[in-house]
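So this one's run_33.json, JSON, C-alpha atoms and all ligand atoms:
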```
[["chain", "number", "residue", "atom", "x", "y", "z"],
["N", 1, "MET", "CA", -53.35, -45.19, 47.04],
["N", 2, "PRO", "CA", -50.18, -43.23, 47.83],
["N", 3, "ARG", "CA", -48.35, -42.27, 44.67],
["N", 4, "ARG", "CA", -44.88, -43.71, 44.13],
["N", 5, "SER", "CA", -42.14, -41.08, 43.92],
["N", 6, "THR", "CA", -40.23, -40.96, 40.65],
["N", 7, "ARG", "CA", -36.89, -39.48, 39.67],
["N", 8, "ILE", "CA", -36.92, -36.59, 37.21],
["N", 9, "GLY", "CA", -34.54, -38.48, 34.93],
["N", 10, "GLU", "CA", -36.74, -41.60, 34.90],
["N", 11, "LEU", "CA", -39.72, -39.56, 33.89],
["N", 12, "LEU", "CA", -37.88, -37.76, 31.12],
["N", 13, "LEU", "CA", -36.31, -40.95, 29.84],
["N", 14, "ARG", "CA", -39.63, -42.78, 29.89],
["N", 15, "GLN", "CA", -41.15, -39.99, 27.82],
["N", 16, "LYS", "CA", -38.35, -40.05, 25.28],
["N", 17, "ASN", "CA", -38.59, -43.81, 24.92],
["N", 18, "GLU", "CA", -42.33, -43.60, 24.38],
["N", 19, "LYS", "CA", -41.41, -41.89, 21.10],
["N", 20, "SER", "CA", -44.40, -39.72, 21.68],
["N", 21, "THR", "CA", -44.62, -36.68, 19.45],
["N", 22, "ASP", "CA", -45.64, -34.61, 22.44],
["N", 23, "TRP", "CA", -42.65, -35.37, 24.60],
["N", 24, "LYS", "CA", -41.51, -31.77, 24.24],
["N", 25, "ASP", "CA", -44.84, -30.68, 25.71],
["N", 26, "ARG", "CA", -44.16, -32.97, 28.65],
["N", 27, "LEU", "CA", -40.75, -31.41, 29.12],
["N", 28, "TRP", "CA", -42.32, -27.94, 29.07],
["N", 29, "LEU", "CA", -44.99, -29.01, 31.57],
["N", 30, "LEU", "CA", -42.45, -30.43, 33.98],
["N", 31, "SER", "CA", -40.17, -27.44, 33.70],
["N", 32, "GLY", "CA", -43.18, -25.11, 34.15],
["N", 33, "ILE", "CA", -44.44, -26.94, 37.22],
["N", 34, "LEU", "CA", -40.98, -27.12, 38.83],
["N", 35, "LYS", "CA", -40.05, -23.62, 37.59],
["N", 36, "ARG", "CA", -36.74, -24.84, 36.20],
["N", 37, "SER", "CA", -35.17, -24.53, 32.78],
["N", 38, "HIS", "CA", -34.85, -27.62, 30.58],
["N", 39, "ASN", "CA", -31.13, -27.74, 31.27],
["N", 40, "GLU", "CA", -31.71, -27.56, 35.01],
["N", 41, "LEU", "CA", -34.16, -30.45, 34.72],
["N", 42, "PHE", "CA", -31.59, -32.63, 32.99],
["N", 43, "LEU", "CA", -28.94, -31.62, 35.52],
["N", 44, "SER", "CA", -31.17, -32.63, 38.42],
["N", 45, "SER", "CA", -32.25, -35.90, 36.87],
["N", 46, "SER", "CA", -31.51, -37.98, 39.97],
["N", 47, "GLU", "CA", -33.79, -35.87, 42.17],
["N", 48, "LEU", "CA", -36.94, -37.54, 43.46],
["N", 49, "LEU", "CA", -40.25, -35.92, 42.59],
["N", 50, "ALA", "CA", -42.68, -35.75, 45.49],
["N", 51, "GLY", "CA", -46.03, -37.50, 45.01],
["N", 52, "ALA", "CA", -47.92, -34.17, 45.05],
["N", 53, "VAL", "CA", -45.75, -32.79, 42.23],
["N", 54, "LEU", "CA", -46.21, -35.96, 40.24],
["N", 55, "LYS", "CA", -49.96, -35.72, 40.71],
["N", 56, "ARG", "CA", -49.96, -32.13, 39.46],
["N", 57, "TYR", "CA", -47.88, -33.15, 36.50],
["N", 58, "GLU", "CA", -50.22, -36.01, 35.60],
["N", 59, "GLN", "CA", -53.26, -33.75, 35.84],
["N", 60, "ALA", "CA", -51.54, -31.21, 33.61],
["N", 61, "LEU", "CA", -50.71, -33.95, 31.14],
["N", 62, "GLN", "CA", -54.37, -34.98, 30.94],
["N", 63, "LYS", "CA", -55.36, -31.39, 30.18],
["N", 64, "ARG", "CA", -52.69, -31.22, 27.50],
["N", 65, "LYS", "CA", -54.01, -34.44, 25.97],
["N", 66, "ARG", "CA", -57.41, -32.78, 25.71],
["N", 67, "GLY", "CA", -55.76, -30.04, 23.66],
["N", 68, "GLU", "CA", -55.56, -27.31, 26.30],
["N", 69, "PRO", "CA", -52.71, -24.90, 25.46],
["N", 70, "LEU", "CA", -49.58, -25.25, 27.60],
["N", 71, "GLN", "CA", -49.78, -21.59, 28.64],
["N", 72, "TYR", "CA", -53.29, -21.98, 30.12],
["N", 73, "ILE", "CA", -52.25, -25.12, 31.96],
["N", 74, "LEU", "CA", -49.18, -23.44, 33.44],
["N", 75, "GLY", "CA", -50.94, -20.08, 33.90],
["N", 76, "GLU", "CA", -48.24, -18.08, 32.11],
["N", 77, "GLY", "CA", -46.92, -17.30, 28.68],
["N", 78, "ASP", "CA", -43.83, -15.46, 27.43],
["N", 79, "PHE", "CA", -43.91, -12.21, 25.53],
["N", 80, "TRP", "CA", -40.87, -10.08, 24.68],
["N", 81, "GLY", "CA", -38.81, -12.06, 27.16],
["N", 82, "ARG", "CA", -41.18, -11.52, 30.08],
["N", 83, "SER", "CA", -43.64, -13.87, 31.67],
["N", 84, "PHE", "CA", -47.33, -12.84, 31.54],
["N", 85, "LEU", "CA", -50.13, -14.43, 33.54],
["N", 86, "VAL", "CA", -52.69, -15.94, 31.20],
["N", 87, "ASP", "CA", -55.90, -17.87, 31.64],
["N", 88, "LYS", "CA", -59.06, -18.49, 29.67],
["N", 89, "ARG", "CA", -60.16, -14.87, 30.05],
["N", 90, "VAL", "CA", -57.47, -13.71, 27.61],
["N", 91, "LEU", "CA", -55.82, -14.64, 24.35],
["N", 92, "ILE", "CA", -52.37, -16.16, 24.79],
["N", 93, "PRO", "CA", -49.93, -13.50, 23.53],
["N", 94, "ARG", "CA", -48.32, -14.71, 20.32],
["N", 95, "PRO", "CA", -44.66, -14.35, 19.25],
["N", 96, "GLU", "CA", -45.95, -12.70, 16.01],
["N", 97, "THR", "CA", -47.33, -9.84, 18.06],
["N", 98, "GLU", "CA", -43.78, -9.06, 19.18],
["N", 99, "ARG", "CA", -43.32, -7.81, 15.61],
["N", 100, "LEU", "CA", -46.15, -5.30, 16.21],
["N", 101, "VAL", "CA", -44.26, -4.02, 19.26],
["N", 102, "GLU", "CA", -41.04, -3.92, 17.26],
["N", 103, "ILE", "CA", -42.66, -1.81, 14.50],
["N", 104, "ALA", "CA", -44.13, 0.53, 17.13],
["N", 105, "LEU", "CA", -40.70, 1.01, 18.73],
["N", 106, "GLU", "CA", -39.11, 1.68, 15.32],
["N", 107, "GLN", "CA", -41.77, 3.97, 13.91],
["N", 108, "ILE", "CA", -43.03, 6.01, 16.84],
["N", 109, "LYS", "CA", -40.68, 8.86, 17.61],
["N", 110, "GLY", "CA", -40.68, 11.36, 20.41],
["N", 111, "GLU", "CA", -40.95, 11.57, 24.14],
["N", 112, "SER", "CA", -43.97, 11.28, 26.41],
["N", 113, "VAL", "CA", -45.92, 9.77, 23.52],
["N", 114, "ARG", "CA", -49.51, 8.90, 24.51],
["N", 115, "ILE", "CA", -50.32, 5.35, 23.46],
["N", 116, "LEU", "CA", -53.56, 3.38, 23.57],
["N", 117, "ASP", "CA", -53.37, -0.42, 23.28],
["N", 118, "LEU", "CA", -56.93, -1.13, 22.14],
["N", 119, "GLY", "CA", -58.12, -4.67, 22.90],
["N", 120, "THR", "CA", -55.33, -5.26, 25.38],
["N", 121, "GLY", "CA", -56.25, -8.79, 26.58],
["N", 122, "SER", "CA", -53.40, -9.88, 28.88],
["N", 123, "GLY", "CA", -51.88, -6.39, 28.61],
["N", 124, "ALA", "CA", -48.86, -7.75, 26.75],
["N", 125, "ILE", "CA", -48.55, -4.86, 24.26],
["N", 126, "ALA", "CA", -49.19, -1.94, 26.63],
["N", 127, "VAL", "CA", -47.05, -3.38, 29.42],
["N", 128, "THR", "CA", -44.17, -4.13, 27.06],
["N", 129, "LEU", "CA", -44.25, -0.67, 25.46],
["N", 130, "LYS", "CA", -44.30, 0.99, 28.88],
["N", 131, "LEU", "CA", -41.35, -1.09, 30.09],
["N", 132, "GLU", "CA", -39.37, -0.48, 26.90],
["N", 133, "ARG", "CA", -40.16, 3.26, 26.76],
["N", 134, "PRO", "CA", -40.74, 4.33, 30.36],
["N", 135, "ASP", "CA", -41.41, 7.96, 29.33],
["N", 136, "TRP", "CA", -44.37, 6.96, 27.13],
["N", 137, "ARG", "CA", -47.82, 7.31, 28.66],
["N", 138, "CYS", "CA", -49.49, 4.00, 27.98],
["N", 139, "SER", "CA", -53.19, 3.24, 28.34],
["N", 140, "ALA", "CA", -54.92, -0.01, 27.57],
["N", 141, "SER", "CA", -58.58, -0.77, 26.94],
["N", 142, "ASP", "CA", -60.73, -3.80, 26.37],
["N", 143, "VAL", "CA", -64.44, -4.50, 26.13],
["N", 144, "SER", "CA", -63.93, -7.48, 28.43],
["N", 145, "LYS", "CA", -63.83, -6.65, 32.15],
["N", 146, "SER", "CA", -62.40, -10.05, 32.94],
["N", 147, "ALA", "CA", -59.55, -9.57, 30.46],
["N", 148, "LEU", "CA", -58.77, -6.24, 32.13],
["N", 149, "GLN", "CA", -58.41, -7.99, 35.50],
["N", 150, "VAL", "CA", -55.65, -10.12, 33.97],
["N", 151, "ALA", "CA", -54.01, -7.07, 32.35],
["N", 152, "ALA", "CA", -54.08, -5.25, 35.72],
["N", 153, "LYS", "CA", -52.33, -8.16, 37.43],
["N", 154, "ASN", "CA", -49.67, -8.29, 34.74],
["N", 155, "ALA", "CA", -49.04, -4.56, 34.89],
["N", 156, "GLU", "CA", -48.67, -4.70, 38.66],
["N", 157, "ARG", "CA", -46.50, -7.77, 38.71],
["N", 158, "LEU", "CA", -44.16, -6.46, 36.00],
["N", 159, "GLY", "CA", -44.09, -2.95, 37.44],
["N", 160, "ALA", "CA", -45.59, -1.13, 34.45],
["N", 161, "GLU", "CA", -47.66, 1.95, 35.19],
["N", 162, "ILE", "CA", -50.45, 1.85, 32.65],
["N", 163, "GLU", "CA", -54.03, 3.17, 32.74],
["N", 164, "LEU", "CA", -56.77, 0.63, 32.12],
["N", 165, "HIS", "CA", -60.25, 1.35, 30.74],
["N", 166, "CYS", "CA", -63.20, -0.87, 30.00],
["N", 167, "GLU", "CA", -64.39, 0.37, 26.64],
["N", 168, "ASN", "CA", -66.09, -0.91, 23.53],
["N", 169, "ILE", "CA", -64.54, 0.51, 20.38],
["N", 170, "PHE", "CA", -68.09, 1.16, 19.17],
["N", 171, "GLY", "CA", -69.09, 2.98, 22.35],
["N", 172, "ARG", "CA", -69.27, 6.73, 22.75],
["N", 173, "LYS", "CA", -66.58, 7.11, 25.38],
["N", 174, "LEU", "CA", -63.57, 6.56, 23.13],
["N", 175, "SER", "CA", -61.82, 9.83, 22.29],
["N", 176, "PRO", "CA", -59.05, 8.93, 19.87],
["N", 177, "GLY", "CA", -57.73, 12.50, 20.10],
["N", 178, "LYS", "CA", -56.52, 11.83, 23.65],
["N", 179, "PHE", "CA", -53.79, 9.62, 22.17],
["N", 180, "ASP", "CA", -50.89, 10.11, 19.79],
["N", 181, "TRP", "CA", -50.96, 6.51, 18.62],
["N", 182, "ILE", "CA", -53.46, 3.68, 18.77],
["N", 183, "ILE", "CA", -51.84, 0.24, 18.65],
["N", 184, "SER", "CA", -54.05, -2.78, 18.35],
["N", 185, "ASN", "CA", -54.14, -6.48, 17.73],
["N", 186, "PRO", "CA", -57.91, -6.63, 17.27],
["N", 187, "PRO", "CA", -59.96, -9.74, 16.54],
["N", 188, "TYR", "CA", -59.42, -10.21, 12.79],
["N", 189, "LEU", "CA", -60.54, -13.73, 11.92],
["N", 190, "GLU", "CA", -63.78, -15.20, 10.65],
["N", 191, "PHE", "CA", -64.61, -18.66, 11.97],
["N", 192, "ALA", "CA", -66.53, -19.64, 8.84],
["N", 193, "ARG", "CA", -63.75, -18.63, 6.49],
["N", 194, "ASP", "CA", -60.28, -18.60, 8.07],
["N", 195, "PHE", "CA", -58.12, -21.49, 9.19],
["N", 196, "ILE", "CA", -58.16, -21.53, 12.98],
["N", 197, "ALA", "CA", -56.44, -24.45, 14.71],
["N", 198, "LYS", "CA", -58.84, -26.76, 16.56],
["N", 199, "ASP", "CA", -57.29, -26.15, 19.99],
["N", 200, "VAL", "CA", -57.41, -22.39, 19.48],
["N", 201, "ARG", "CA", -61.11, -22.56, 18.54],
["N", 202, "LYS", "CA", -61.86, -24.75, 21.49],
["N", 203, "HIS", "CA", -59.91, -23.02, 24.23],
["N", 204, "GLU", "CA", -59.25, -19.33, 23.49],
["N", 205, "PRO", "CA", -61.92, -16.63, 23.91],
["N", 206, "ARG", "CA", -63.94, -16.36, 20.72],
["N", 207, "MET", "CA", -64.39, -12.61, 21.08],
["N", 208, "ALA", "CA", -60.60, -12.22, 20.97],
["N", 209, "LEU", "CA", -60.46, -13.95, 17.59],
["N", 210, "GLU", "CA", -63.58, -12.96, 15.67],
["N", 211, "PRO", "CA", -65.59, -9.73, 15.88],
["N", 212, "LEU", "CA", -68.87, -10.35, 17.72],
["N", 213, "SER", "CA", -72.06, -10.19, 15.66],
["N", 214, "GLU", "CA", -73.25, -7.14, 17.63],
["N", 215, "ASN", "CA", -70.21, -5.30, 16.27],
["N", 216, "ARG", "CA", -71.51, -5.80, 12.75],
["N", 217, "LEU", "CA", -70.92, -2.96, 10.31],
["N", 218, "ARG", "CA", -73.70, -3.31, 7.76],
["N", 219, "ASP", "CA", -71.76, -1.70, 4.95],
["N", 220, "VAL", "CA", -68.62, -3.84, 5.52],
["N", 221, "SER", "CA", -69.06, -7.30, 4.04],
["N", 222, "GLU", "CA", -65.72, -8.50, 5.44],
["N", 223, "ARG", "CA", -66.63, -9.59, 8.99],
["N", 224, "ALA", "CA", -62.98, -10.06, 9.98],
["N", 225, "ALA", "CA", -62.43, -6.32, 9.37],
["N", 226, "TRP", "CA", -65.25, -4.95, 11.59],
["N", 227, "ILE", "CA", -63.20, -4.03, 14.67],
["N", 228, "ALA", "CA", -60.23, -2.66, 12.70],
["N", 229, "GLU", "CA", -62.59, -0.63, 10.50],
["N", 230, "GLY", "CA", -64.38, 0.56, 13.67],
["N", 231, "ILE", "CA", -61.07, 1.85, 15.07],
["N", 232, "LEU", "CA", -60.30, 3.76, 11.86],
["N", 233, "ARG", "CA", -63.83, 5.22, 11.72],
["N", 234, "ALA", "CA", -63.68, 6.32, 15.35],
["N", 235, "CYS", "CA", -60.51, 8.26, 14.47],
["N", 236, "ALA", "CA", -61.79, 9.66, 11.14],
["N", 237, "GLU", "CA", -65.07, 10.84, 12.67],
["N", 238, "ASN", "CA", -63.32, 12.70, 15.45],
["N", 239, "GLU", "CA", -62.02, 16.22, 15.02],
["N", 240, "ARG", "CA", -58.98, 15.45, 17.12],
["N", 241, "ARG", "CA", -57.25, 12.47, 15.64],
["N", 242, "PRO", "CA", -54.18, 10.57, 16.80],
["N", 243, "LEU", "CA", -51.02, 10.77, 14.68],
["N", 244, "GLY", "CA", -51.43, 7.20, 13.60],
["N", 245, "VAL", "CA", -52.90, 3.76, 14.05],
["N", 246, "LEU", "CA", -50.85, 0.56, 13.95],
["N", 247, "MET", "CA", -52.65, -2.78, 13.79],
["N", 248, "GLU", "CA", -51.85, -6.46, 13.49],
["N", 249, "LEU", "CA", -54.23, -8.07, 10.97],
["N", 250, "SER", "CA", -54.41, -10.94, 8.53],
["N", 251, "PRO", "CA", -52.90, -10.18, 5.10],
["N", 252, "ARG", "CA", -56.43, -10.19, 3.64],
["N", 253, "VAL", "CA", -57.85, -7.68, 6.12],
["N", 254, "ALA", "CA", -54.74, -5.46, 5.96],
["N", 255, "TYR", "CA", -54.96, -5.33, 2.16],
["N", 256, "TYR", "CA", -58.72, -4.66, 2.25],
["N", 257, "LEU", "CA", -58.29, -1.75, 4.67],
["N", 258, "GLU", "CA", -55.29, -0.32, 2.84],
["N", 259, "ARG", "CA", -57.32, -0.07, -0.38],
["N", 260, "LYS", "CA", -60.35, 1.30, 1.43],
["N", 261, "TRP", "CA", -58.56, 4.01, 3.41],
["N", 262, "ARG", "CA", -55.57, 5.15, 1.35],
["N", 263, "ARG", "CA", -57.55, 7.87, -0.48],
["N", 264, "HIS", "CA", -59.56, 9.05, 2.51],
["N", 265, "LYS", "CA", -59.33, 12.82, 2.86],
["N", 266, "SER", "CA", -57.96, 12.65, 6.42],
["N", 267, "VAL", "CA", -55.32, 10.00, 5.75],
["N", 268, "SER", "CA", -51.78, 11.09, 5.02],
["N", 269, "SER", "CA", -50.22, 7.64, 4.34],
["N", 270, "VAL", "CA", -50.90, 3.92, 4.64],
["N", 271, "GLU", "CA", -48.18, 1.27, 4.77],
["N", 272, "ARG", "CA", -48.23, -2.45, 5.28],
["N", 273, "HIS", "CA", -45.28, -3.95, 7.15],
["N", 274, "ALA", "CA", -44.24, -7.59, 6.84],
["N", 275, "ASP", "CA", -44.21, -10.27, 9.51],
["N", 276, "LEU", "CA", -41.25, -12.66, 9.80],
["N", 277, "ALA", "CA", -42.72, -14.84, 7.06],
["N", 278, "GLY", "CA", -42.87, -11.86, 4.71],
["N", 279, "ARG", "CA", -46.67, -11.44, 4.90],
["N", 280, "ARG", "CA", -47.50, -7.75, 4.82],
["N", 281, "ARG", "CA", -50.14, -7.72, 7.49],
["N", 282, "PHE", "CA", -49.23, -4.92, 9.90],
["N", 283, "LEU", "CA", -51.17, -1.84, 8.83],
["N", 284, "LEU", "CA", -49.65, 1.53, 9.71],
["N", 285, "LEU", "CA", -51.90, 4.47, 8.91],
["N", 286, "ARG", "CA", -50.93, 8.09, 9.58],
["N", 287, "TRP", "CA", -53.59, 10.81, 9.85],
["N", 288, "LYS", "CA", -53.24, 14.34, 8.43],
["N", 301, "LIG", "C1", -56.66, -10.65, 19.43],
["N", 301, "LIG", "S1", -57.04, -10.22, 21.08],
["N", 301, "LIG", "C2", -55.56, -9.30, 21.47],
["N", 301, "LIG", "C3", -55.12, -9.43, 22.90],
["N", 301, "LIG", "C4", -53.73, -8.81, 23.16],
["N", 301, "LIG", "N1", -53.69, -7.43, 22.77],
["N", 301, "LIG", "C5", -52.65, -9.58, 22.44],
["N", 301, "LIG", "O1", -52.13, -9.08, 21.43],
["N", 301, "LIG", "O2", -52.30, -10.68, 22.86],
["N", 301, "LIG", "C6", -58.26, -8.97, 20.85],
["N", 301, "LIG", "C7", -58.81, -8.29, 22.09],
["N", 301, "LIG", "O3", -59.80, -7.33, 21.67],
["N", 301, "LIG", "C8", -60.88, -7.32, 22.59],
["N", 301, "LIG", "N2", -62.09, -6.83, 21.91],
["N", 301, "LIG", "C9", -62.93, -7.53, 21.13],
["N", 301, "LIG", "N3", -63.93, -6.75, 20.70],
["N", 301, "LIG", "C10", -63.71, -5.51, 21.20],
["N", 301, "LIG", "C11", -64.42, -4.27, 21.11],
["N", 301, "LIG", "N4", -65.55, -4.14, 20.41],
["N", 301, "LIG", "N5", -63.89, -3.18, 21.76],
["N", 301, "LIG", "C12", -62.75, -3.31, 22.48],
["N", 301, "LIG", "N6", -62.05, -4.46, 22.61],
["N", 301, "LIG", "C13", -62.53, -5.54, 21.98],
["N", 301, "LIG", "C14", -60.99, -8.76, 23.06],
["N", 301, "LIG", "O4", -61.63, -8.86, 24.32],
["N", 301, "LIG", "C15", -59.51, -9.20, 23.08],
["N", 301, "LIG", "O5", -58.94, -9.04, 24.36]]
```
For this file, write the structure as structure tokens.
Amino acid sequence: MPRRSTRIGELLLRQKNEKSTDWKDRLWLLSGILKRSHNELFLSSSELLAGAVLKRYEQALQKRKRGEPLQYILGEGDFWGRSFLVDKRVLIPRPETERLVEIALEQIKGESVRILDLGTGSGAIAVTLKLERPDWRCSASDVSKSALQVAAKNAERLGAEIELHCENIFGRKLSPGKFDWIISNPPYLEFARDFIAKDVRKHEPRMALEPLSENRLRDVSERAAWIAEGILRACAENERRPLGVLMELSPRVAYYLERKWRRHKSVSSVERHADLAGRRRFLLLRWK
């Protein structure tokens, strides 16, 4: 059956009248599909939507009803005012992670600084740092080859020259001494213990949220800390260390690691910086 064309305004009005709690999602979907701002949508309310567009919109709506995140449905998500391609191979970059970038830009001084974004996912952190500080030499690594394909596309599309490596933090290849700073938003949750929204559990890559069991550190009871602890150990065990490590963590993991590492013989200082809600969960550790 051919689909009846509908005016943008009719569709928006119908949604508002439905008093549905998700009408904002619908607005986002329509503006994402048509690539227009919300204001532009309202201004073009008398325009007819072609049947094919309507079909795409309805399919997207069904996905949204099943809990799929808007960014996966639309194939892009915003970070630091830029649009990044995202799909199920990568975590959707979160606005909270912009605070990690902000701390890095405030705290890291100097020119031609060598940065590693470890666990880069979509590439949001490395790409943003490179675009904000073009003289910095930014590398990005991830254990997931498919995540790196997404990061490569984002770097190319946004014009950021970054080096990409497929690397497991627990592998032998990592030489922390090649970098001045390691910045990371590692997996820091534990499914059995932490609150993780249902849609996040269902749709986002588990290995981006919780350390895999093969990354187990037998002497670290706190599973959520395995990857972050692995990063700090890789630095401590290496003769050539970076100047510092900056990580986004949960308050619990940040506090655990601060207590564990602050008296280590190679550590010069450990600070915890607050997120916008005042939770001190960004760990900044400087090496001697
Ligand atoms: C929380 S996501 C962060 C993604 C991105 N940096 C961001 O902030 O949106 C963590 C990333 O770490 C990667 N990862 C997980 N275990 C790893 C390991 N052992 N070594 C390297 N990367 C790992 C995952 O594939 C995932 O892309």
Check which residues fall inside 7 Å of ligand LIG 301 (chain N) when counting all atoms listed in the file, and print them as a PyMOL selection string.
chain N and resi 90-94+97+118-125+141-144+147+167-170+184-187+207-209+211-212+215+227
Could you tell me which of N:Arg240, N:Leu232, N:Gly159, N:Leu49 comes closest to Val270 in chain N if we count all atoms listed in the file?
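The answer is N:Leu232, which sits nearest to Val270 in chain N.
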If I take CA of Ala160 in chain N and CA of Gly230 in chain N, how far is one from the other in Å, to one decimal?
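Rounded to one decimal, the two atoms are 28.1 Å apart.
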What is the distance, in Å and to one decimal place, between CA of Glu163 in chain N and CA of Arg89 in chain N?
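Result for CA of Glu163 in chain N versus CA of Arg89 in chain N: 19.2 Å, one decimal.
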Using all atoms listed in the file, which protein or nucleic acid residues come within 12 Å of Lys65 in chain N? Drop anything in the same chain fewer than 6 positions from it, and give the result as a list in words.
Ser20, Thr21, Asp22, Trp23, Asp25, Arg26, Leu29, Glu58, Gln59, Ile73 and Asp199 of chain N
Restricting the calculation to only C-alpha atoms, which member of N:Glu102, N:Glu190, N:Glu76, N:Glu214 is positioned closest to Gly171 in chain N?
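Result for the nearest residue to Gly171 in chain N: N:Glu214.
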